[in-house]
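*Asks:* Got a file for you: protein_10.csv, CSV, C-alpha atoms and all ligand atoms.
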chain,number,residue,atom,x,y,z
A,182,MET,CA,-45.8,-12.9,73.5
A,183,LYS,CA,-44.8,-15.0,70.6
A,184,ARG,CA,-41.1,-15.7,69.8
A,185,ARG,CA,-41.2,-13.5,66.7
A,186,ASP,CA,-42.3,-10.4,68.7
A,187,PHE,CA,-39.8,-11.3,71.4
A,188,LEU,CA,-36.9,-11.3,69.0
A,189,GLY,CA,-38.0,-8.0,67.6
A,190,ARG,CA,-38.0,-6.5,71.1
A,191,THR,CA,-34.6,-7.9,72.1
A,192,GLY,CA,-33.1,-6.7,68.9
A,193,ALA,CA,-34.2,-3.2,69.7
A,194,LEU,CA,-32.6,-3.5,73.1
A,195,GLY,CA,-29.4,-4.7,71.5
A,196,VAL,CA,-29.3,-1.6,69.3
A,197,ALA,CA,-30.0,0.7,72.3
A,198,GLY,CA,-27.0,-0.9,73.9
A,199,LEU,CA,-24.6,0.6,71.4
A,200,THR,CA,-24.4,3.8,73.4
A,201,GLY,CA,-22.6,1.9,76.1
A,202,GLY,CA,-24.7,3.5,78.9
A,203,LEU,CA,-22.8,6.8,78.8
A,204,SER,CA,-24.7,10.0,78.2
A,205,ALA,CA,-22.8,12.8,76.3
A,206,PRO,CA,-21.9,14.7,79.5
A,207,ALA,CA,-20.5,11.5,81.0
A,208,LEU,CA,-18.3,11.0,78.0
A,209,LEU,CA,-17.0,14.6,78.3
A,210,LEU,CA,-16.2,14.2,81.9
A,211,GLY,CA,-14.0,11.2,81.1
A,212,ALA,CA,-12.9,10.4,84.6
A,213,ARG,CA,-16.4,9.7,85.8
A,214,PRO,CA,-16.9,6.1,86.7
A,215,ALA,CA,-18.7,4.3,83.8
A,216,TYR,CA,-21.4,3.0,86.2
A,217,ALA,CA,-22.1,6.2,88.2
A,218,VAL,CA,-25.3,7.0,90.0
A,219,GLY,CA,-28.2,7.8,87.6
A,220,ASP,CA,-27.0,5.6,84.7
A,221,ASP,CA,-28.7,2.5,83.9
A,222,ILE,CA,-26.6,-0.7,84.4
A,223,PRO,CA,-25.4,-2.4,81.3
A,224,VAL,CA,-25.3,-6.2,81.4
A,225,GLY,CA,-24.3,-8.5,78.5
A,226,LEU,CA,-26.4,-11.5,77.4
A,227,LEU,CA,-24.1,-13.8,75.5
A,228,PHE,CA,-26.2,-16.8,74.5
A,229,SER,CA,-26.4,-18.4,71.0
A,230,LEU,CA,-29.6,-17.6,69.2
A,231,THR,CA,-28.4,-19.3,66.1
A,232,GLY,CA,-26.3,-22.4,65.3
A,233,SER,CA,-26.1,-25.8,66.9
A,234,VAL,CA,-26.4,-24.9,70.6
A,235,ALA,CA,-29.2,-22.4,70.1
A,236,VAL,CA,-31.8,-25.1,70.9
A,237,VAL,CA,-30.8,-24.9,74.5
A,238,GLU,CA,-29.1,-21.5,74.7
A,239,HIS,CA,-32.1,-19.6,73.5
A,240,THR,CA,-33.9,-20.8,76.6
A,241,LEU,CA,-31.1,-19.6,78.8
A,242,HIS,CA,-31.3,-16.2,77.1
A,243,ASP,CA,-35.0,-16.1,77.6
A,244,ALA,CA,-34.7,-17.0,81.3
A,245,ALA,CA,-32.0,-14.4,82.0
A,246,LEU,CA,-34.0,-11.7,80.0
A,247,LEU,CA,-37.2,-12.6,82.0
A,248,ALA,CA,-35.4,-12.0,85.3
A,249,ILE,CA,-34.0,-8.6,84.0
A,250,GLU,CA,-37.5,-7.6,82.9
A,251,GLU,CA,-39.0,-8.6,86.2
A,252,ILE,CA,-36.3,-6.6,88.1
A,253,ASN,CA,-36.9,-3.5,85.9
A,254,ALA,CA,-40.7,-3.8,86.3
A,255,GLN,CA,-40.1,-3.7,90.1
A,256,GLY,CA,-38.1,-0.5,89.9
A,257,GLY,CA,-34.6,-1.7,89.1
A,258,ILE,CA,-31.7,-1.8,91.5
A,259,HIS,CA,-31.4,1.2,93.7
A,260,GLY,CA,-33.7,2.9,91.2
A,261,ARG,CA,-31.4,2.1,88.3
A,262,MET,CA,-32.6,-0.1,85.4
A,263,LEU,CA,-30.7,-3.0,84.0
A,264,ARG,CA,-30.0,-2.6,80.3
A,265,PRO,CA,-29.5,-5.9,78.6
A,266,ILE,CA,-27.1,-5.8,75.6
A,267,ILE,CA,-27.6,-8.8,73.5
A,268,GLU,CA,-24.9,-10.6,71.4
A,269,ASP,CA,-25.4,-13.8,69.4
A,270,PRO,CA,-22.1,-15.8,69.3
A,271,ALA,CA,-23.7,-18.2,66.8
A,272,SER,CA,-22.5,-21.3,68.6
A,273,ASP,CA,-18.9,-20.6,67.8
A,274,PRO,CA,-16.4,-20.6,70.7
A,275,ALA,CA,-14.1,-17.9,69.1
A,276,THR,CA,-17.1,-15.7,68.5
A,277,TYR,CA,-18.0,-16.0,72.2
A,278,ALA,CA,-14.6,-14.6,73.1
A,279,ASP,CA,-14.8,-11.8,70.6
A,280,ARG,CA,-18.4,-10.8,71.7
A,281,ALA,CA,-17.5,-11.0,75.3
A,282,ARG,CA,-14.6,-8.6,74.7
A,283,ARG,CA,-17.0,-6.2,72.9
A,284,LEU,CA,-19.5,-6.3,75.7
A,285,MET,CA,-16.9,-5.6,78.4
A,286,ILE,CA,-14.8,-3.0,76.5
A,287,ARG,CA,-17.2,-1.2,74.1
A,288,ASP,CA,-20.4,-1.6,76.1
A,289,LYS,CA,-18.8,-1.4,79.5
A,290,CYS,CA,-20.9,-4.2,80.9
A,291,VAL,CA,-20.4,-4.8,84.6
A,292,SER,CA,-21.2,-8.5,84.1
A,293,VAL,CA,-22.0,-10.8,81.2
A,294,PHE,CA,-24.4,-13.7,81.5
A,295,GLY,CA,-23.7,-16.5,79.0
A,296,SER,CA,-22.9,-20.0,77.6
A,297,TYR,CA,-24.0,-23.5,77.8
A,298,THR,CA,-21.0,-25.6,76.8
A,299,SER,CA,-17.7,-25.7,78.6
A,300,ALA,CA,-16.0,-25.1,75.3
A,301,SER,CA,-17.5,-21.6,75.1
A,302,ARG,CA,-16.9,-20.9,78.8
A,303,GLN,CA,-13.2,-21.8,78.3
A,304,ALA,CA,-13.0,-19.5,75.3
A,305,VAL,CA,-14.4,-16.6,77.3
A,306,LEU,CA,-12.3,-17.2,80.4
A,307,PRO,CA,-9.0,-15.5,79.3
A,308,VAL,CA,-11.0,-12.5,78.1
A,309,VAL,CA,-12.9,-12.1,81.3
A,310,GLU,CA,-9.8,-12.6,83.4
A,311,GLN,CA,-7.8,-10.1,81.5
A,312,ARG,CA,-10.5,-7.5,82.0
A,313,ASP,CA,-11.2,-8.5,85.6
A,314,ASN,CA,-14.9,-8.6,84.7
A,315,LEU,CA,-17.5,-11.2,85.7
A,316,TYR,CA,-19.0,-14.0,83.6
A,317,TRP,CA,-22.2,-15.6,85.1
A,318,TYR,CA,-22.2,-19.2,83.8
A,319,PRO,CA,-25.4,-21.1,84.6
A,320,THR,CA,-24.6,-24.6,83.3
A,321,LEU,CA,-23.6,-27.8,85.0
A,322,TYR,CA,-20.0,-28.4,84.3
A,323,GLU,CA,-17.0,-30.6,85.0
A,324,GLY,CA,-15.3,-28.6,87.8
A,325,ARG,CA,-11.5,-28.5,88.0
A,326,GLU,CA,-11.6,-24.8,87.4
A,327,CYS,CA,-11.8,-21.9,89.9
A,328,SER,CA,-11.6,-18.5,88.2
A,329,ARG,CA,-12.1,-15.3,90.2
A,330,ASN,CA,-14.0,-14.0,87.2
A,331,ILE,CA,-16.6,-16.7,86.7
A,332,MET,CA,-19.7,-17.1,88.8
A,333,TYR,CA,-20.5,-20.8,88.5
A,334,GLY,CA,-24.3,-21.3,88.9
A,335,GLY,CA,-24.6,-25.0,87.8
A,336,ALA,CA,-23.7,-28.3,89.4
A,337,VAL,CA,-20.2,-29.7,89.5
A,338,PRO,CA,-19.7,-33.5,89.5
A,339,ASN,CA,-20.2,-34.2,93.2
A,340,GLN,CA,-23.5,-32.3,93.1
A,341,GLN,CA,-24.9,-34.5,90.3
A,342,GLN,CA,-23.3,-37.9,91.0
A,343,ASP,CA,-22.9,-38.5,94.7
A,344,ASN,CA,-26.6,-39.3,95.1
A,345,VAL,CA,-27.1,-41.3,92.0
A,346,ILE,CA,-24.2,-43.8,91.5
A,347,GLY,CA,-24.7,-45.9,94.6
A,348,TRP,CA,-28.5,-45.8,94.1
A,349,ALA,CA,-28.1,-47.0,90.5
A,350,ILE,CA,-25.8,-49.9,91.6
A,351,GLU,CA,-28.2,-51.0,94.2
A,352,ASN,CA,-31.3,-50.8,92.0
A,353,PHE,CA,-29.9,-51.9,88.6
A,354,GLY,CA,-26.5,-53.5,89.1
A,355,PRO,CA,-22.8,-52.6,89.0
A,356,ARG,CA,-21.9,-52.8,85.3
A,357,PHE,CA,-21.9,-49.3,83.8
A,358,TYR,CA,-21.5,-48.3,80.1
A,359,LEU,CA,-20.2,-44.7,79.8
A,360,ILE,CA,-21.3,-42.8,76.7
A,361,GLY,CA,-20.6,-39.1,76.1
A,362,ASN,CA,-19.6,-36.5,73.5
A,363,ASN,CA,-15.9,-36.0,72.9
A,364,TYR,CA,-14.9,-33.0,74.9
A,365,VAL,CA,-13.8,-31.9,78.4
A,366,TYR,CA,-17.2,-32.0,80.2
A,367,PRO,CA,-18.1,-35.7,79.6
A,368,LYS,CA,-14.5,-36.9,80.1
A,369,GLU,CA,-14.2,-35.1,83.5
A,370,GLU,CA,-17.7,-36.3,84.6
A,371,ASN,CA,-16.6,-39.8,83.7
A,372,ASN,CA,-13.4,-39.5,85.7
A,373,TYR,CA,-15.5,-38.8,88.8
A,374,CYS,CA,-18.0,-41.6,87.9
A,375,LYS,CA,-15.1,-44.1,87.7
A,376,LYS,CA,-13.8,-42.9,91.1
A,377,LEU,CA,-17.2,-43.5,92.7
A,378,LEU,CA,-17.7,-46.9,90.9
A,379,ALA,CA,-14.3,-48.0,92.3
A,380,GLU,CA,-15.3,-47.0,95.8
A,381,LEU,CA,-18.8,-48.5,95.6
A,382,GLY,CA,-18.0,-51.8,93.9
A,383,GLY,CA,-19.2,-50.9,90.4
A,384,GLU,CA,-17.3,-51.3,87.2
A,385,VAL,CA,-17.0,-49.8,83.7
A,386,VAL,CA,-17.8,-52.3,80.9
A,387,HIS,CA,-17.1,-49.7,78.2
A,388,GLU,CA,-16.3,-46.0,77.9
A,389,GLU,CA,-17.0,-44.3,74.6
A,390,TYR,CA,-17.0,-40.8,73.2
A,391,VAL,CA,-18.7,-39.6,70.0
A,392,PRO,CA,-18.1,-36.2,68.3
A,393,LEU,CA,-20.3,-33.3,69.3
A,394,GLY,CA,-23.3,-33.2,67.0
A,395,HIS,CA,-23.0,-37.0,66.3
A,396,SER,CA,-26.3,-38.5,65.3
A,397,ASP,CA,-25.8,-42.1,64.2
A,398,PHE,CA,-25.6,-44.3,67.3
A,399,SER,CA,-26.0,-47.7,65.5
A,400,SER,CA,-22.5,-48.9,66.5
A,401,VAL,CA,-23.1,-47.7,70.1
A,402,ILE,CA,-26.4,-49.6,70.2
A,403,ASN,CA,-24.8,-52.8,68.8
A,404,ARG,CA,-22.1,-52.6,71.4
A,405,ILE,CA,-24.6,-52.1,74.2
A,406,ARG,CA,-26.5,-55.1,72.9
A,407,THR,CA,-23.4,-57.2,73.1
A,408,GLU,CA,-22.1,-55.9,76.5
A,409,LYS,CA,-25.5,-56.0,78.2
A,410,PRO,CA,-24.5,-53.5,80.9
A,411,ASP,CA,-26.8,-52.7,83.9
A,412,VAL,CA,-26.7,-48.9,83.5
A,413,ILE,CA,-26.0,-46.5,80.6
A,414,PHE,CA,-24.4,-43.5,82.2
A,415,ALA,CA,-24.8,-40.7,79.6
A,416,THR,CA,-23.2,-37.3,79.2
A,417,VAL,CA,-24.3,-36.8,75.6
A,418,VAL,CA,-25.4,-33.2,74.9
A,419,GLY,CA,-28.0,-31.3,72.8
A,420,ASP,CA,-29.0,-32.7,69.4
A,421,SER,CA,-26.8,-35.8,70.0
A,422,ASP,CA,-28.7,-36.8,73.0
A,423,VAL,CA,-32.0,-36.4,71.2
A,424,ALA,CA,-30.7,-38.8,68.5
A,425,PHE,CA,-29.3,-41.2,71.1
A,426,ALA,CA,-32.5,-41.4,73.1
A,427,ARG,CA,-34.7,-42.0,70.0
A,428,GLN,CA,-32.4,-44.7,68.6
A,429,TYR,CA,-32.1,-46.4,72.0
A,430,HIS,CA,-35.9,-46.5,72.3
A,431,ALA,CA,-36.2,-47.8,68.7
A,432,ALA,CA,-33.7,-50.6,69.5
A,433,GLY,CA,-36.3,-51.9,71.9
A,434,PHE,CA,-34.2,-51.6,75.1
A,435,ASP,CA,-36.3,-51.6,78.2
A,436,PRO,CA,-35.6,-48.8,80.8
A,437,GLU,CA,-36.6,-51.2,83.6
A,438,GLU,CA,-33.8,-53.5,82.6
A,439,MET,CA,-31.2,-51.1,81.3
A,440,PRO,CA,-32.0,-47.5,82.1
A,441,VAL,CA,-30.1,-44.5,80.8
A,442,ILE,CA,-29.0,-42.2,83.6
A,443,SER,CA,-28.2,-38.8,82.1
A,444,LEU,CA,-26.5,-35.8,83.6
A,445,THR,CA,-27.5,-33.6,80.7
A,446,ARG,CA,-31.0,-34.6,79.7
A,447,SER,CA,-33.6,-32.0,80.8
A,448,GLU,CA,-37.1,-31.0,79.9
A,449,VAL,CA,-35.9,-29.2,76.8
A,450,GLU,CA,-34.2,-32.3,75.4
A,451,VAL,CA,-37.1,-34.5,76.4
A,452,GLN,CA,-39.5,-32.2,74.6
A,453,ALA,CA,-37.4,-32.8,71.4
A,454,ILE,CA,-36.9,-36.6,72.1
A,455,GLY,CA,-40.7,-37.1,72.7
A,456,GLY,CA,-42.1,-38.3,76.0
A,457,GLU,CA,-42.6,-41.9,74.9
A,458,ALA,CA,-39.0,-42.5,74.0
A,459,ALA,CA,-37.7,-40.7,77.1
A,460,ALA,CA,-40.1,-42.3,79.6
A,461,GLY,CA,-38.7,-44.6,82.2
A,462,HIS,CA,-35.1,-43.3,82.0
A,463,PHE,CA,-33.5,-41.0,84.6
A,464,SER,CA,-31.7,-37.7,85.0
A,465,SER,CA,-29.8,-36.3,88.0
A,466,ALA,CA,-30.0,-32.5,88.4
A,467,PRO,CA,-30.8,-29.8,91.0
A,468,TYR,CA,-34.0,-28.7,89.4
A,469,PHE,CA,-37.0,-30.2,87.5
A,470,MET,CA,-39.9,-28.2,86.2
A,471,GLY,CA,-42.5,-29.9,88.3
A,472,HIS,CA,-40.8,-28.9,91.6
A,473,ALA,CA,-43.6,-27.8,93.9
A,474,THR,CA,-42.5,-24.6,95.6
A,475,PRO,CA,-44.1,-21.1,95.4
A,476,GLU,CA,-40.8,-19.8,93.9
A,477,ASN,CA,-40.9,-22.4,91.1
A,478,GLU,CA,-44.6,-22.0,90.4
A,479,ARG,CA,-44.0,-18.3,89.9
A,480,PHE,CA,-41.0,-18.9,87.7
A,481,VAL,CA,-42.8,-21.4,85.5
A,482,GLU,CA,-46.0,-19.3,85.2
A,483,SER,CA,-44.0,-16.2,84.4
A,484,TYR,CA,-41.8,-18.0,81.8
A,485,LYS,CA,-44.8,-19.5,80.1
A,486,SER,CA,-46.8,-16.3,80.0
A,487,ARG,CA,-43.8,-14.4,78.6
A,488,PHE,CA,-42.6,-17.0,76.0
A,489,GLY,CA,-45.6,-19.3,75.3
A,490,GLY,CA,-47.6,-22.0,77.1
A,491,ASP,CA,-45.8,-24.8,75.3
A,492,GLN,CA,-42.3,-23.7,76.7
A,493,VAL,CA,-40.5,-25.7,79.3
A,494,THR,CA,-38.1,-24.6,82.1
A,495,HIS,CA,-35.2,-26.8,83.0
A,496,PHE,CA,-32.1,-27.0,85.3
A,497,VAL,CA,-29.9,-24.7,83.2
A,498,SER,CA,-32.6,-22.1,82.5
A,499,GLU,CA,-33.5,-22.1,86.2
A,500,ALA,CA,-29.9,-21.2,87.0
A,501,ALA,CA,-29.8,-18.6,84.2
A,502,TYR,CA,-32.8,-17.0,85.9
A,503,PHE,CA,-31.7,-17.1,89.5
A,504,GLN,CA,-28.2,-15.9,88.6
A,505,VAL,CA,-29.6,-12.5,87.6
A,506,TYR,CA,-31.3,-12.3,91.0
A,507,GLN,CA,-28.0,-13.2,92.6
A,508,PHE,CA,-26.4,-10.3,90.7
A,509,LYS,CA,-29.2,-8.0,91.9
A,510,ALA,CA,-28.7,-9.1,95.5
A,511,ALA,CA,-25.0,-8.4,95.2
A,512,LEU,CA,-25.6,-4.9,93.7
A,513,GLU,CA,-28.1,-4.1,96.5
A,514,LYS,CA,-25.3,-4.5,99.0
A,515,LEU,CA,-23.1,-1.9,97.2
A,516,ASP,CA,-22.8,1.8,97.3
A,517,PRO,CA,-24.4,2.9,94.0
A,518,SER,CA,-21.2,4.8,93.1
A,519,ASP,CA,-19.1,1.7,93.4
A,520,VAL,CA,-20.7,-0.7,91.0
A,521,THR,CA,-17.7,-2.4,89.4
A,522,PRO,CA,-17.3,-6.1,88.5
A,523,GLN,CA,-14.8,-6.6,91.3
A,524,ALA,CA,-17.2,-5.0,93.9
A,525,ILE,CA,-20.1,-7.1,92.6
A,526,ARG,CA,-18.0,-10.3,92.9
A,527,ASP,CA,-17.0,-9.5,96.5
A,528,ALA,CA,-20.6,-8.7,97.4
A,529,ALA,CA,-21.9,-11.8,95.7
A,530,VAL,CA,-20.0,-14.2,98.1
A,531,GLY,CA,-22.4,-15.4,100.7
A,532,VAL,CA,-25.5,-14.3,98.8
A,533,GLU,CA,-28.3,-16.7,99.6
A,534,LEU,CA,-31.6,-16.6,97.9
A,535,ALA,CA,-34.8,-18.6,97.4
A,536,ALA,CA,-34.4,-20.0,93.9
A,537,PRO,CA,-37.0,-22.2,92.2
A,538,GLN,CA,-35.1,-25.3,93.3
A,539,GLY,CA,-34.6,-24.2,96.9
A,540,LYS,CA,-32.3,-21.8,98.8
A,541,VAL,CA,-29.0,-21.5,96.9
A,542,LEU,CA,-25.8,-20.0,98.2
A,543,ILE,CA,-22.7,-18.6,96.5
A,544,ASP,CA,-19.5,-19.7,98.2
A,545,GLU,CA,-16.1,-18.1,98.5
A,546,ASN,CA,-15.0,-19.9,95.3
A,547,LEU,CA,-17.8,-18.4,93.4
A,548,HIS,CA,-19.5,-21.8,93.0
A,549,THR,CA,-23.1,-22.5,94.1
A,550,HIS,CA,-24.5,-24.7,96.9
A,551,LEU,CA,-27.5,-26.6,95.3
A,552,TRP,CA,-30.2,-29.2,95.9
A,553,PRO,CA,-29.4,-32.5,94.1
A,554,LYS,CA,-32.4,-34.6,92.8
A,555,VAL,CA,-32.8,-37.7,90.7
A,556,ALA,CA,-35.9,-38.0,88.6
A,557,GLN,CA,-37.6,-40.5,86.2
A,558,TRP,CA,-39.0,-39.2,83.0
A,559,GLN,CA,-42.7,-39.7,82.3
A,560,ALA,CA,-44.5,-40.0,78.9
A,561,ASP,CA,-45.9,-36.5,79.3
A,562,GLY,CA,-42.3,-35.1,79.2
A,563,GLN,CA,-42.2,-34.2,82.9
A,564,ALA,CA,-40.0,-35.8,85.5
A,565,ASN,CA,-41.0,-37.5,88.6
A,566,VAL,CA,-38.5,-36.9,91.4
A,567,ILE,CA,-37.6,-40.1,93.2
A,568,LEU,CA,-34.5,-39.0,95.2
A,569,GLU,CA,-34.1,-35.6,96.7
A,570,SER,CA,-31.3,-34.4,99.0
A,571,THR,CA,-32.5,-33.4,102.4
A,572,GLU,CA,-29.6,-31.0,102.7
A,573,ARG,CA,-28.2,-28.4,100.4
A,574,VAL,CA,-24.9,-29.8,98.9
A,575,ALA,CA,-21.7,-27.8,98.7
A,576,PRO,CA,-19.8,-27.8,95.4
A,577,LYS,CA,-16.4,-29.6,95.3
A,578,PRO,CA,-14.9,-28.6,92.0
A,579,TYR,CA,-11.9,-30.9,92.5
A,580,ALA,CA,-13.7,-33.9,93.9
A,581,ALA,CA,-12.2,-36.2,91.2
A,582,TYR,CA,-8.7,-35.2,92.0
A,583,ASP,CA,-7.4,-36.0,95.5
A,584,GLY,CA,-5.2,-33.3,96.9
A,585,GLN,CA,-6.3,-30.5,94.5
A,586,THR,CA,-8.4,-27.6,95.6
A,587,CYS,CA,-9.4,-24.1,94.3
A,588,THR,CA,-6.5,-21.8,93.8
A,589,GLY,CA,-8.5,-18.9,92.4
A,590,SER,CA,-7.1,-19.5,88.9
A,591,GLY,CA,-8.9,-20.3,85.7
A,592,LEU,CA,-7.7,-22.8,83.2
A,593,VAL,CA,-5.9,-25.4,85.3
A,594,ASN,CA,-7.3,-28.4,83.4
A,595,GLY,CA,-4.4,-30.4,82.1
B,601,LIG,C1,-21.2,-28.5,79.5
B,601,LIG,O1,-20.5,-28.5,78.5
B,601,LIG,N1,-20.8,-27.9,80.6
B,601,LIG,C2,-22.5,-29.3,79.6
For the structure just supplied, provide its representation as structure tokens.

*Replies:*
Amino acid sequence: MKRRDFLGRTGALGVAGLTGGLSAPALLLGARPAYAVGDDIPVGLLFSLTGSVAVVEHTLHDAALLAIEEINAQGGIHGRMLRPIIEDPASDPATYADRARRLMIRDKCVSVFGSYTSASRQAVLPVVEQRDNLYWYPTLYEGRECSRNIMYGGAVPNQQQDNVIGWAIENFGPRFYLIGNNYVYPKEENNYCKKLLAELGGEVVHEEYVPLGHSDFSSVINRIRTEKPDVIFATVVGDSDVAFARQYHAAGFDPEEMPVISLTRSEVEVQAIGGEAAAGHFSSAPYFMGHATPENERFVESYKSRFGGDQVTHFVSEAAYFQVYQFKAALEKLDPSDVTPQAIRDAAVGVELAAPQGKVLIDENLHTHLWPKVAQWQADGQANVILESTERVAPKPYAAYDGQTCTGSGLVNG
């Protein structure tokens, strides 16, 4: 199905969502639980389909919707269909908060799936905590947060950096240049990177932040030329990363001499960068599209046949997909008359399922145990995995901060 048809269909689903899942008799009864037996199950999809982060978030939307459609095609959950209610927060953090409120209050969603950037997750957090609802967040993030109302599906710093920093020092040298966008995620990843460098004999030759959406990297390139670091450690996101990668390549830097190691560059950014400019550089992530497991082959085939043969899957869309299946597994443990966000959260702890990257597990802090990998980009836009953890790695959201641990609260970032 082409994207135009797809948007037409999802639009229709969004309109259907306006009834909020309650039939007329249910409304009259009033006291009846909103999610009682026989109703379908309303879930919110809160990914930007317009604006600056749509380039990545539309793929998260697609992956979550694909999982919902698959589950419905297999008969739903305890015979009840999932009813996706779609909102487009247009890449604006305040709009994420407003639409999340609408999904939870007006539409009575028992969970909302959404967001790429930490800025949008942090905007939703007070809303979801106030309603004691659940927000399934699929993206790698900086840690240092531990809400009882967010299901964290992506990697935290220890799950992306523990395997790669020592390896990079050994293979390329100890002098790191840190470049990221100017917001919480890159700064917190860099705090953890600096901790590991100090432990492993590395050093920071320069640390630099450019505004989100920044696209002129000429002064960064000049500084890199002067400093001659061994490794460029990058946490540049979205369109900015595309511009950075292209300009780095155009400057003639050789990835064999001075590679970029990115925590954010996936198949979707590489598709925009172009394989030739991305080739030879590295990313660290729990999933790459070429991962050879039956679960991943099914995911990739299903995604391509639904959204187009030229589409790519990547480490955030994979999590957007498997989180819907984690939600399903949690609901299957529940009495169908007790489907509330709180019951879903309690049932989700300990859920283990075979995701495309490997078997993932939700821990008591609502973070996910994952399978770290380091891969080198090829000219065809795919990644060749060169380091793969032999064990599933537990999340440590406070790894950069000795003595701090999860307290079950949300915005503790100082
Ligand atoms: C991010 O902002 N969590 C990539």

*Asks:* Show me, as a list in words, the residues that have an atom within 6 Å of range 520-535 of chain A when counting only C-alpha atoms, minus same-chain residues fewer than 6 positions from it.

*Replies:*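 In the requested form, the answer reads Val291, Asn314, Leu315, Ala511, Val541, Leu542, Ile543, Asp544 and Glu545 of chain A.
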
*Asks:* Can you pull out every residue within 9 Å of range 479-482 of chain A, counting all atoms listed in the file, but drop anything in the same chain fewer than 2 positions away, and send it as JSON, numbers by chain?

*Replies:* {"A": [470, 471, 474, 475, 476, 477, 484, 485, 486, 487, 490, 493, 494, 499, 502, 537]}

*Asks:* For Trp317 in chain A, which of A:Asp411, A:Thr571, A:Gly382, A:Leu547 is the closest residue, counting all atoms listed in the file?

*Replies:* A:Leu547

*Asks:* Let me have all residues with an atom within 8 Å of ligand LIG 601 (chain B), counting all atoms listed in the file, laid out as number ranges by chain.

*Replies:* A: 297-300, 320-323, 365-367, 418, 445

*Asks:* Of the residues A:Gly232, A:Tyr373, A:Gln563, A:Arg406, which is the one nearest to Gly394 in chain A, using only C-alpha atoms?

*Replies:*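 Ranking A:Gly232, A:Tyr373, A:Gln563, A:Arg406 by distance to Gly394 in chain A, first place goes to A:Gly232.
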
*Asks:* Counting only C-alpha atoms, I want the residues whose atoms come within 7 Å of (-31.3, -38.1, 86.1) in the file frame, returned as a PyMOL selection string.

*Replies:* chain A and resi 442-444+463-466+555-557

*Asks:* Any idea what's packed within 10 Å of Val236 in chain A, counting only C-alpha atoms, ignoring anything in its chain fewer than 6 positions away? Could you give it as a list in words?

*Replies:*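 Within the cut-off, the hits are Ser229, Leu230, Gly419, Asp420, Val449, Glu450 and Ala453 of chain A.
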
*Asks:* Enter the distance from CA of Leu247 in chain A to CA of Leu227 in chain A, in Å, rounded to one decimal.

*Replies:*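 These atoms are spaced 14.7 Å apart.
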
*Asks:* Could you give me, as a PyMOL selection string, the residues within 9 Å of range 430-437 of chain A, counting only C-alpha atoms and dropping anything in the same chain fewer than 3 positions from it?

*Replies:* chain A and resi 353+402+406+425-427+440-441+457-463

*Asks:* Show me the residues around (-33.5, 3.6, 82.9) - criterion: an atom at most 10 Å away, all atoms listed in the file counted - as a list of chain:residue names.

*Replies:*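 These residues have at least one counted atom within 10 Å: A:Gly202, A:Gly219, A:Asp220, A:Asp221, A:Ile222, A:Asn253, A:Gly256, A:Gly257, A:Gly260, A:Arg261, A:Met262, A:Leu263, A:Arg264.
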
*Asks:* Do a neighbour search on Gly324 in chain A at 7 Å with all atoms listed in the file, toss out local chain neighbours closer than 3 positions, and write the hits as a PyMOL selection string.

*Replies:* chain A and resi 337-338+578-579

*Asks:* Considering only C-alpha atoms, state which residue in the set A:Asn339, A:Gln507, A:Ser498, A:Ser292 is at the smallest distance from Tyr582 in chain A.

*Replies:* A:Asn339

*Asks:* Can you measure CA of Ala281 in chain A to CA of Val293 in chain A for me? One decimal in Å is fine.

*Replies:*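 Those two atoms sit 7.4 Å apart.
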
*Asks:* To one decimal place in Å, what is the distance between CA of Phe508 in chain A and CA of Leu246 in chain A?

*Replies:*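 Between these atoms lies a distance of 13.2 Å.
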
*Asks:* Please determine, counting only C-alpha atoms, which residue among A:Ser570, A:Gln559, A:Thr416, A:Thr231 has the shortest atom-to-atom distance to Gln340 in chain A.

*Replies:*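 For Gln340 in chain A, the nearest of the given residues is A:Ser570.
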
*Asks:* Pick the closest to Ala473 in chain A from A:Tyr364, A:Val345, A:Ser396, A:Gln538: which is it, counting only C-alpha atoms?

*Replies:*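 Selected residue with least distance to Ala473 in chain A: A:Gln538.
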
*Asks:* Would you mind telling me which residue in A:Gly347, A:Pro576, A:Gly383, A:Gly455 lies nearest to Tyr333 in chain A when using all atoms listed in the file?

*Replies:* A:Pro576
